[in-house]
>>> print(open('start.cif').read())   # mmCIF, N, CA and C atoms
data_input
loop_
_atom_site.group_PDB
_atom_site.id
_atom_site.type_symbol
_atom_site.label_atom_id
_atom_site.label_comp_id
_atom_site.auth_asym_id
_atom_site.auth_seq_id
_atom_site.Cartn_x
_atom_site.Cartn_y
_atom_site.Cartn_z
ATOM 1 N N VAL A 201 -117.745 -130.265 300.858
ATOM 2 C CA VAL A 201 -118.691 -129.163 300.871
ATOM 3 C C VAL A 201 -118.879 -128.649 302.294
ATOM 4 N N MET A 202 -119.007 -129.579 303.239
ATOM 5 C CA MET A 202 -119.195 -129.154 304.630
ATOM 6 C C MET A 202 -117.967 -128.429 305.156
ATOM 7 N N GLY A 203 -116.790 -128.871 304.712
ATOM 8 C CA GLY A 203 -115.557 -128.201 305.126
ATOM 9 C C GLY A 203 -115.515 -126.768 304.633
ATOM 10 N N ALA A 204 -115.950 -126.552 303.390
ATOM 11 C CA ALA A 204 -115.972 -125.200 302.825
ATOM 12 C C ALA A 204 -116.974 -124.327 303.576
ATOM 13 N N ALA A 205 -118.125 -124.884 303.925
ATOM 14 C CA ALA A 205 -119.133 -124.129 304.661
ATOM 15 C C ALA A 205 -118.620 -123.756 306.050
ATOM 16 N N ALA A 206 -117.928 -124.695 306.706
ATOM 17 C CA ALA A 206 -117.374 -124.423 308.033
ATOM 18 C C ALA A 206 -116.305 -123.339 307.960
ATOM 19 N N GLU A 207 -115.489 -123.390 306.908
ATOM 20 C CA GLU A 207 -114.442 -122.382 306.732
ATOM 21 C C GLU A 207 -115.055 -121.003 306.497
ATOM 22 N N LEU A 208 -116.108 -120.947 305.704
ATOM 23 C CA LEU A 208 -116.799 -119.692 305.454
ATOM 24 C C LEU A 208 -117.395 -119.142 306.750
ATOM 25 N N GLU A 209 -118.038 -120.001 307.523
ATOM 26 C CA GLU A 209 -118.638 -119.576 308.797
ATOM 27 C C GLU A 209 -117.575 -119.047 309.755
ATOM 28 N N ARG A 210 -116.449 -119.738 309.807
ATOM 29 C CA ARG A 210 -115.363 -119.287 310.674
ATOM 30 C C ARG A 210 -114.882 -117.902 310.271
ATOM 31 N N GLY A 211 -114.729 -117.678 308.978
ATOM 32 C CA GLY A 211 -114.315 -116.366 308.486
ATOM 33 C C GLY A 211 -115.306 -115.281 308.836
ATOM 34 N N MET A 212 -116.602 -115.608 308.766
ATOM 35 C CA MET A 212 -117.640 -114.625 309.095
ATOM 36 C C MET A 212 -117.629 -114.296 310.582
ATOM 37 N N VAL A 213 -117.444 -115.297 311.423
ATOM 38 C CA VAL A 213 -117.381 -115.067 312.874
ATOM 39 C C VAL A 213 -116.172 -114.201 313.220
ATOM 40 N N THR A 214 -115.039 -114.523 312.615
ATOM 41 C CA THR A 214 -113.816 -113.753 312.853
ATOM 42 C C THR A 214 -114.019 -112.290 312.451
ATOM 43 N N ALA A 215 -114.586 -112.056 311.288
ATOM 44 C CA ALA A 215 -114.821 -110.687 310.813
ATOM 45 C C ALA A 215 -115.766 -109.945 311.754
ATOM 46 N N ARG A 216 -116.802 -110.609 312.242
ATOM 47 C CA ARG A 216 -117.759 -109.986 313.151
ATOM 48 C C ARG A 216 -117.085 -109.591 314.467
ATOM 49 N N LEU A 217 -116.246 -110.483 315.006
ATOM 50 C CA LEU A 217 -115.546 -110.183 316.259
ATOM 51 C C LEU A 217 -114.548 -109.040 316.087
ATOM 52 N N GLN A 218 -113.808 -109.066 314.992
ATOM 53 C CA GLN A 218 -112.843 -107.997 314.748
ATOM 54 C C GLN A 218 -113.539 -106.653 314.576
ATOM 55 N N GLY A 219 -114.669 -106.654 313.895
ATOM 56 C CA GLY A 219 -115.438 -105.421 313.722
ATOM 57 C C GLY A 219 -115.920 -104.867 315.051
ATOM 58 N N GLY A 220 -116.378 -105.762 315.918
ATOM 59 C CA GLY A 220 -116.823 -105.336 317.240
ATOM 60 C C GLY A 220 -115.695 -104.737 318.058
ATOM 61 N N ARG A 221 -114.531 -105.354 317.988
ATOM 62 C CA ARG A 221 -113.375 -104.809 318.720
ATOM 63 C C ARG A 221 -112.983 -103.439 318.187
ATOM 64 N N ARG A 222 -112.999 -103.300 316.862
ATOM 65 C CA ARG A 222 -112.658 -102.002 316.272
ATOM 66 C C ARG A 222 -113.647 -100.919 316.700
ATOM 67 N N ARG A 223 -114.935 -101.250 316.683
ATOM 68 C CA ARG A 223 -115.947 -100.268 317.095
ATOM 69 C C ARG A 223 -115.771 -99.883 318.564
ATOM 70 N N LYS A 224 -115.518 -100.854 319.407
ATOM 71 C CA LYS A 224 -115.337 -100.568 320.835
ATOM 72 C C LYS A 224 -114.112 -99.682 321.041
ATOM 73 N N HIS A 225 -113.023 -99.993 320.331
ATOM 74 C CA HIS A 225 -111.805 -99.186 320.432
ATOM 75 C C HIS A 225 -112.065 -97.758 319.947
ATOM 76 N N ALA A 226 -112.798 -97.621 318.846
ATOM 77 C CA ALA A 226 -113.089 -96.293 318.297
ATOM 78 C C ALA A 226 -113.917 -95.453 319.265
ATOM 79 N N GLN A 227 -114.712 -96.110 320.108
ATOM 80 C CA GLN A 227 -115.531 -95.407 321.084
ATOM 81 C C GLN A 227 -114.798 -95.195 322.407
ATOM 82 N N GLY A 228 -113.511 -95.544 322.452
ATOM 83 C CA GLY A 228 -112.725 -95.340 323.664
ATOM 84 C C GLY A 228 -112.774 -96.507 324.624
ATOM 85 N N GLY A 229 -113.372 -97.606 324.210
ATOM 86 C CA GLY A 229 -113.460 -98.783 325.072
ATOM 87 C C GLY A 229 -112.219 -99.639 324.978
ATOM 88 N N TYR A 230 -112.126 -100.629 325.842
ATOM 89 C CA TYR A 230 -110.997 -101.554 325.859
ATOM 90 C C TYR A 230 -111.526 -102.941 325.550
ATOM 91 N N ALA A 231 -111.050 -103.521 324.462
ATOM 92 C CA ALA A 231 -111.540 -104.817 324.010
ATOM 93 C C ALA A 231 -110.586 -105.944 324.376
ATOM 94 N N GLY A 232 -109.704 -105.718 325.303
ATOM 95 C CA GLY A 232 -108.801 -106.761 325.768
ATOM 96 C C GLY A 232 -107.469 -106.756 325.051
ATOM 97 N N GLY A 233 -106.616 -107.649 325.443
ATOM 98 C CA GLY A 233 -105.283 -107.770 324.880
ATOM 99 C C GLY A 233 -104.343 -108.275 325.950
ATOM 100 N N PRO A 234 -103.143 -108.700 325.539
ATOM 101 C CA PRO A 234 -102.223 -109.287 326.510
ATOM 102 C C PRO A 234 -101.721 -108.309 327.562
ATOM 103 N N THR A 235 -101.529 -107.060 327.195
ATOM 104 C CA THR A 235 -101.066 -106.061 328.158
ATOM 105 C C THR A 235 -101.793 -104.749 327.917
ATOM 106 N N VAL A 236 -101.917 -103.976 328.952
ATOM 107 C CA VAL A 236 -102.498 -102.643 328.849
ATOM 108 C C VAL A 236 -101.361 -101.697 328.489
ATOM 109 N N PRO A 237 -101.564 -100.775 327.545
ATOM 110 C CA PRO A 237 -100.497 -99.856 327.160
ATOM 111 C C PRO A 237 -99.979 -99.045 328.349
ATOM 112 N N ILE A 238 -98.693 -98.762 328.338
ATOM 113 C CA ILE A 238 -98.092 -97.967 329.397
ATOM 114 C C ILE A 238 -98.758 -96.584 329.406
ATOM 115 N N GLY A 239 -99.051 -96.086 330.579
ATOM 116 C CA GLY A 239 -99.716 -94.803 330.717
ATOM 117 C C GLY A 239 -101.222 -94.919 330.793
ATOM 118 N N LYS A 240 -101.729 -96.146 330.668
ATOM 119 C CA LYS A 240 -103.169 -96.394 330.701
ATOM 120 C C LYS A 240 -103.488 -97.474 331.728
ATOM 121 N N ARG A 241 -104.758 -97.547 332.118
ATOM 122 C CA ARG A 241 -105.246 -98.633 332.952
ATOM 123 C C ARG A 241 -106.680 -98.900 332.545
ATOM 124 N N VAL A 242 -107.158 -100.105 332.848
ATOM 125 C CA VAL A 242 -108.525 -100.484 332.504
ATOM 126 C C VAL A 242 -109.445 -100.084 333.644
ATOM 127 N N GLU A 243 -110.524 -99.454 333.285
ATOM 128 C CA GLU A 243 -111.535 -99.066 334.270
ATOM 129 C C GLU A 243 -112.844 -99.734 333.871
ATOM 130 N N GLY A 244 -113.453 -100.437 334.787
ATOM 131 C CA GLY A 244 -114.692 -101.142 334.507
ATOM 132 C C GLY A 244 -114.418 -102.568 334.052
ATOM 133 N N GLN A 245 -115.488 -103.314 333.826
ATOM 134 C CA GLN A 245 -115.355 -104.699 333.395
ATOM 135 C C GLN A 245 -116.331 -104.988 332.276
ATOM 136 N N GLY A 246 -116.032 -106.035 331.537
ATOM 137 C CA GLY A 246 -116.937 -106.475 330.478
ATOM 138 C C GLY A 246 -117.152 -105.406 329.430
ATOM 139 N N LYS A 247 -118.420 -105.204 329.065
ATOM 140 C CA LYS A 247 -118.757 -104.231 328.031
ATOM 141 C C LYS A 247 -118.456 -102.797 328.461
ATOM 142 N N ALA A 248 -118.413 -102.554 329.762
ATOM 143 C CA ALA A 248 -118.168 -101.201 330.269
ATOM 144 C C ALA A 248 -116.680 -100.883 330.388
ATOM 145 N N ALA A 249 -115.790 -101.838 330.090
ATOM 146 C CA ALA A 249 -114.353 -101.623 330.233
ATOM 147 C C ALA A 249 -113.865 -100.558 329.256
ATOM 148 N N LYS A 250 -113.047 -99.659 329.767
ATOM 149 C CA LYS A 250 -112.439 -98.646 328.911
ATOM 150 C C LYS A 250 -111.066 -98.296 329.454
ATOM 151 N N LEU A 251 -110.223 -97.757 328.579
ATOM 152 C CA LEU A 251 -108.891 -97.339 328.971
ATOM 153 C C LEU A 251 -108.926 -95.888 329.425
ATOM 154 N N VAL A 252 -108.291 -95.621 330.548
ATOM 155 C CA VAL A 252 -108.173 -94.258 331.066
ATOM 156 C C VAL A 252 -106.705 -94.009 331.425
ATOM 157 N N ASP A 253 -106.336 -92.748 331.511
ATOM 158 C CA ASP A 253 -104.956 -92.416 331.891
ATOM 159 C C ASP A 253 -104.656 -92.942 333.288
ATOM 160 N N ASP A 254 -103.445 -93.472 333.451
ATOM 161 C CA ASP A 254 -103.005 -93.991 334.741
ATOM 162 C C ASP A 254 -101.978 -93.026 335.326
ATOM 163 N N PRO A 255 -102.309 -92.353 336.418
ATOM 164 C CA PRO A 255 -101.382 -91.378 336.988
ATOM 165 C C PRO A 255 -100.073 -91.995 337.482
ATOM 166 N N ASP A 256 -100.048 -93.303 337.732
ATOM 167 C CA ASP A 256 -98.825 -93.949 338.204
ATOM 168 C C ASP A 256 -97.821 -94.180 337.080
ATOM 169 N N THR A 257 -98.294 -94.485 335.869
ATOM 170 C CA THR A 257 -97.375 -94.797 334.772
ATOM 171 C C THR A 257 -97.302 -93.700 333.714
ATOM 172 N N ARG A 258 -98.159 -92.706 333.798
ATOM 173 C CA ARG A 258 -98.131 -91.617 332.818
ATOM 174 C C ARG A 258 -96.791 -90.876 332.807
ATOM 175 N N PRO A 259 -96.112 -90.697 333.953
ATOM 176 C CA PRO A 259 -94.805 -90.031 333.922
ATOM 177 C C PRO A 259 -93.772 -90.757 333.047
ATOM 178 N N VAL A 260 -93.891 -92.068 332.910
ATOM 179 C CA VAL A 260 -92.968 -92.814 332.046
ATOM 180 C C VAL A 260 -93.173 -92.387 330.593
ATOM 181 N N VAL A 261 -94.422 -92.237 330.190
ATOM 182 C CA VAL A 261 -94.721 -91.793 328.833
ATOM 183 C C VAL A 261 -94.157 -90.395 328.610
ATOM 184 N N GLU A 262 -94.344 -89.526 329.582
ATOM 185 C CA GLU A 262 -93.824 -88.160 329.478
ATOM 186 C C GLU A 262 -92.291 -88.166 329.387
ATOM 187 N N ARG A 263 -91.650 -89.078 330.122
ATOM 188 C CA ARG A 263 -90.184 -89.188 330.077
ATOM 189 C C ARG A 263 -89.724 -89.627 328.698
ATOM 190 N N VAL A 264 -90.414 -90.581 328.098
ATOM 191 C CA VAL A 264 -90.074 -91.046 326.746
ATOM 192 C C VAL A 264 -90.191 -89.887 325.759
ATOM 193 N N ILE A 265 -91.275 -89.148 325.846
ATOM 194 C CA ILE A 265 -91.489 -88.015 324.933
ATOM 195 C C ILE A 265 -90.398 -86.968 325.115
ATOM 196 N N THR A 266 -90.041 -86.678 326.358
ATOM 197 C CA THR A 266 -89.006 -85.681 326.643
ATOM 198 C C THR A 266 -87.647 -86.116 326.097
ATOM 199 N N LEU A 267 -87.270 -87.363 326.337
ATOM 200 C CA LEU A 267 -85.982 -87.854 325.857
ATOM 201 C C LEU A 267 -85.907 -87.818 324.336
ATOM 202 N N ARG A 268 -86.982 -88.197 323.686
ATOM 203 C CA ARG A 268 -87.002 -88.191 322.218
ATOM 204 C C ARG A 268 -86.935 -86.762 321.698
ATOM 205 N N ALA A 269 -87.640 -85.843 322.367
ATOM 206 C CA ALA A 269 -87.611 -84.438 321.962
ATOM 207 C C ALA A 269 -86.223 -83.834 322.137
ATOM 208 N N ASP A 270 -85.434 -84.394 323.071
ATOM 209 C CA ASP A 270 -84.065 -83.932 323.286
ATOM 210 C C ASP A 270 -83.115 -84.430 322.206
ATOM 211 N N GLY A 271 -83.632 -85.218 321.251
ATOM 212 C CA GLY A 271 -82.822 -85.655 320.117
ATOM 213 C C GLY A 271 -82.227 -87.045 320.251
ATOM 214 N N LEU A 272 -82.572 -87.784 321.282
ATOM 215 C CA LEU A 272 -82.045 -89.134 321.442
ATOM 216 C C LEU A 272 -82.707 -90.085 320.449
ATOM 217 N N THR A 273 -81.955 -91.087 320.014
ATOM 218 C CA THR A 273 -82.514 -92.115 319.140
ATOM 219 C C THR A 273 -83.401 -93.032 319.979
ATOM 220 N N LEU A 274 -84.165 -93.873 319.303
ATOM 221 C CA LEU A 274 -85.018 -94.821 320.021
ATOM 222 C C LEU A 274 -84.175 -95.728 320.915
ATOM 223 N N ARG A 275 -83.040 -96.172 320.401
ATOM 224 C CA ARG A 275 -82.144 -97.031 321.184
ATOM 225 C C ARG A 275 -81.610 -96.296 322.409
ATOM 226 N N GLU A 276 -81.216 -95.043 322.227
ATOM 227 C CA GLU A 276 -80.694 -94.261 323.355
ATOM 228 C C GLU A 276 -81.780 -94.007 324.411
ATOM 229 N N VAL A 277 -83.007 -93.785 323.962
ATOM 230 C CA VAL A 277 -84.110 -93.598 324.903
ATOM 231 C C VAL A 277 -84.307 -94.872 325.710
ATOM 232 N N ALA A 278 -84.320 -96.027 325.022
ATOM 233 C CA ALA A 278 -84.500 -97.313 325.709
ATOM 234 C C ALA A 278 -83.373 -97.553 326.707
ATOM 235 N N GLU A 279 -82.137 -97.291 326.309
ATOM 236 C CA GLU A 279 -80.994 -97.494 327.200
ATOM 237 C C GLU A 279 -81.062 -96.567 328.410
ATOM 238 N N THR A 280 -81.494 -95.327 328.202
ATOM 239 C CA THR A 280 -81.631 -94.374 329.302
ATOM 240 C C THR A 280 -82.682 -94.850 330.294
ATOM 241 N N LEU A 281 -83.821 -95.301 329.785
ATOM 242 C CA LEU A 281 -84.884 -95.801 330.668
ATOM 243 C C LEU A 281 -84.395 -97.015 331.459
ATOM 244 N N ASN A 282 -83.679 -97.915 330.793
ATOM 245 C CA ASN A 282 -83.140 -99.094 331.486
ATOM 246 C C ASN A 282 -82.147 -98.675 332.573
ATOM 247 N N ALA A 283 -81.295 -97.703 332.258
ATOM 248 C CA ALA A 283 -80.310 -97.229 333.233
ATOM 249 C C ALA A 283 -80.994 -96.569 334.434
ATOM 250 N N GLU A 284 -82.134 -95.945 334.191
ATOM 251 C CA GLU A 284 -82.881 -95.292 335.268
ATOM 252 C C GLU A 284 -83.753 -96.284 336.039
ATOM 253 N N GLY A 285 -83.759 -97.538 335.607
ATOM 254 C CA GLY A 285 -84.533 -98.564 336.306
ATOM 255 C C GLY A 285 -86.012 -98.563 335.956
ATOM 256 N N ILE A 286 -86.364 -97.921 334.851
ATOM 257 C CA ILE A 286 -87.765 -97.886 334.406
ATOM 258 C C ILE A 286 -87.989 -99.104 333.526
ATOM 259 N N THR A 287 -88.656 -100.104 334.083
ATOM 260 C CA THR A 287 -88.825 -101.374 333.374
ATOM 261 C C THR A 287 -90.024 -101.345 332.445
ATOM 262 N N GLY A 288 -90.114 -102.390 331.630
ATOM 263 C CA GLY A 288 -91.241 -102.550 330.726
ATOM 264 C C GLY A 288 -92.502 -102.923 331.485
ATOM 265 N N VAL A 289 -93.592 -103.060 330.766
ATOM 266 C CA VAL A 289 -94.888 -103.364 331.366
ATOM 267 C C VAL A 289 -94.831 -104.659 332.172
ATOM 268 N N ARG A 290 -94.113 -105.639 331.671
ATOM 269 C CA ARG A 290 -94.016 -106.930 332.357
ATOM 270 C C ARG A 290 -92.786 -107.028 333.256
ATOM 271 N N GLY A 291 -92.126 -105.911 333.481
ATOM 272 C CA GLY A 291 -90.996 -105.892 334.398
ATOM 273 C C GLY A 291 -89.639 -106.122 333.762
ATOM 274 N N GLY A 292 -89.609 -106.259 332.453
ATOM 275 C CA GLY A 292 -88.343 -106.505 331.757
ATOM 276 C C GLY A 292 -87.711 -105.224 331.245
ATOM 277 N N ARG A 293 -86.720 -105.414 330.389
ATOM 278 C CA ARG A 293 -86.002 -104.288 329.803
ATOM 279 C C ARG A 293 -86.870 -103.533 328.795
ATOM 280 N N ARG A 294 -86.483 -102.311 328.540
ATOM 281 C CA ARG A 294 -87.095 -101.512 327.480
ATOM 282 C C ARG A 294 -86.277 -101.708 326.211
ATOM 283 N N TYR A 295 -86.963 -101.732 325.088
ATOM 284 C CA TYR A 295 -86.314 -101.900 323.789
ATOM 285 C C TYR A 295 -86.764 -100.774 322.869
ATOM 286 N N PRO A 296 -85.984 -100.504 321.812
ATOM 287 C CA PRO A 296 -86.364 -99.432 320.881
ATOM 288 C C PRO A 296 -87.780 -99.604 320.322
ATOM 289 N N ALA A 297 -88.191 -100.833 320.063
ATOM 290 C CA ALA A 297 -89.537 -101.063 319.514
ATOM 291 C C ALA A 297 -90.623 -100.648 320.503
ATOM 292 N N SER A 298 -90.399 -100.896 321.794
ATOM 293 C CA SER A 298 -91.409 -100.499 322.784
ATOM 294 C C SER A 298 -91.455 -98.986 322.928
ATOM 295 N N VAL A 299 -90.313 -98.340 322.809
ATOM 296 C CA VAL A 299 -90.267 -96.876 322.848
ATOM 297 C C VAL A 299 -91.036 -96.318 321.646
ATOM 298 N N GLN A 300 -90.825 -96.927 320.481
ATOM 299 C CA GLN A 300 -91.506 -96.478 319.275
ATOM 300 C C GLN A 300 -93.023 -96.639 319.398
ATOM 301 N N ARG A 301 -93.482 -97.734 320.014
ATOM 302 C CA ARG A 301 -94.925 -97.944 320.211
ATOM 303 C C ARG A 301 -95.519 -96.851 321.107
ATOM 304 N N VAL A 302 -94.793 -96.491 322.157
ATOM 305 C CA VAL A 302 -95.272 -95.427 323.046
ATOM 306 C C VAL A 302 -95.413 -94.120 322.269
ATOM 307 N N LEU A 303 -94.403 -93.800 321.474
ATOM 308 C CA LEU A 303 -94.429 -92.551 320.706
ATOM 309 C C LEU A 303 -95.536 -92.558 319.656
ATOM 310 N N ARG A 304 -95.738 -93.683 318.982
ATOM 311 C CA ARG A 304 -96.815 -93.780 317.982
ATOM 312 C C ARG A 304 -98.180 -93.622 318.626
ATOM 313 N N ARG A 305 -98.368 -94.274 319.768
ATOM 314 C CA ARG A 305 -99.652 -94.195 320.461
ATOM 315 C C ARG A 305 -99.947 -92.755 320.858
ATOM 316 N N GLU A 306 -98.926 -92.036 321.304
ATOM 317 C CA GLU A 306 -99.119 -90.645 321.700
ATOM 318 C C GLU A 306 -99.386 -89.760 320.483
ATOM 319 N N ALA A 307 -98.736 -90.061 319.360
ATOM 320 C CA ALA A 307 -98.981 -89.286 318.143
ATOM 321 C C ALA A 307 -100.409 -89.517 317.647
ATOM 322 N N ASP A 308 -100.898 -90.740 317.753
ATOM 323 C CA ASP A 308 -102.277 -91.066 317.349
ATOM 324 C C ASP A 308 -103.280 -90.385 318.259
ATOM 325 N N ARG A 309 -102.887 -90.192 319.491
ATOM 326 C CA ARG A 309 -103.768 -89.585 320.492
ATOM 327 C C ARG A 309 -103.982 -88.103 320.230
ATOM 328 N N SER A 310 -102.978 -87.479 319.611
ATOM 329 C CA SER A 310 -103.036 -86.022 319.359
ATOM 330 C C SER A 310 -103.943 -85.664 318.229
#
>>> encode(input="start.cif", output="structure tokens")
Amino acid sequence: VMGAAAELERGMVTARLQGGRRRKHAQGGYAGGPTVPIGKRVEGQGKAAKLVDDPDTRPVVERVITLRADGLTLREVAETLNAEGITGVRGGRRYPASVQRVLRREADRS
């Protein structure tokens, strides 16, 4: 019985935390994560933290959009960025999935 109660409590805590993160994100805040999206940077700390455009990395996002608009596939965009020396957020190679995430994020932004 105690195990079931603990499991229920854990589920309630998890739901409460996820709801808070969703609300903060919906209000333009930054609720943390392993990496900050390319083209963005965190401004502020704690409850005041929010994502804002980063003028240093925003050109990379614009380059991805331009290459895709030119008709290149996701793989070709990633290969072009790698050839140009434009690395990933953590300094590694670009992959089609990361290119797709950038494009989705920009589409959601519009």
>>> resolve_selection(input="start.cif", expression="the PyMOL selection byres (((chain A and resi 275-288 and name CA) around 12) and name CA)", output="PyMOL selection string")
chain A and resi 235-239+257+259-274+289-303
>>> axis_aligned_box(input="start.cif", around="range 273-280 of chain A", padding_each_side="5 Å", output="lines of an AutoDock Vina configuration file")
center_x = -82.9
center_y = -94.3
center_z = 324.7
size_x = 14.3
size_y = 16.5
size_z = 21.2
>>> atom_distance(input="start.cif", atom1="CA of Glu306 in chain A", atom2="CA of Gly229 in chain A")
16.8 Å
>>> atom_distance(input="start.cif", atom1="CA of Arg305 in chain A", atom2="CA of Glu243 in chain A")
18.9 Å
>>> atom_distance(input="start.cif", atom1="atom N of Gly211 in chain A", atom2="CA of Tyr230 in chain A")
23.6 Å
>>> select_by_dssp(input="start.cif", residues="chain A", states="strand (DSSP E or B)", output="VMD selection string")
chain A and resid 229 240 to 243 250 to 253
>>> select_by_dssp(input="start.cif", residues="chain A", states="alpha helix (DSSP H)", output="ChimeraX atom specification")
/A:202-226,258-269,274-283,296-309
>>> resolve_selection(input="start.cif", expression="the PyMOL selection byres ((chain A and resi 253) around 6.5)", output="PyMOL selection string")
chain A and resi 239-241+251-252+254-256
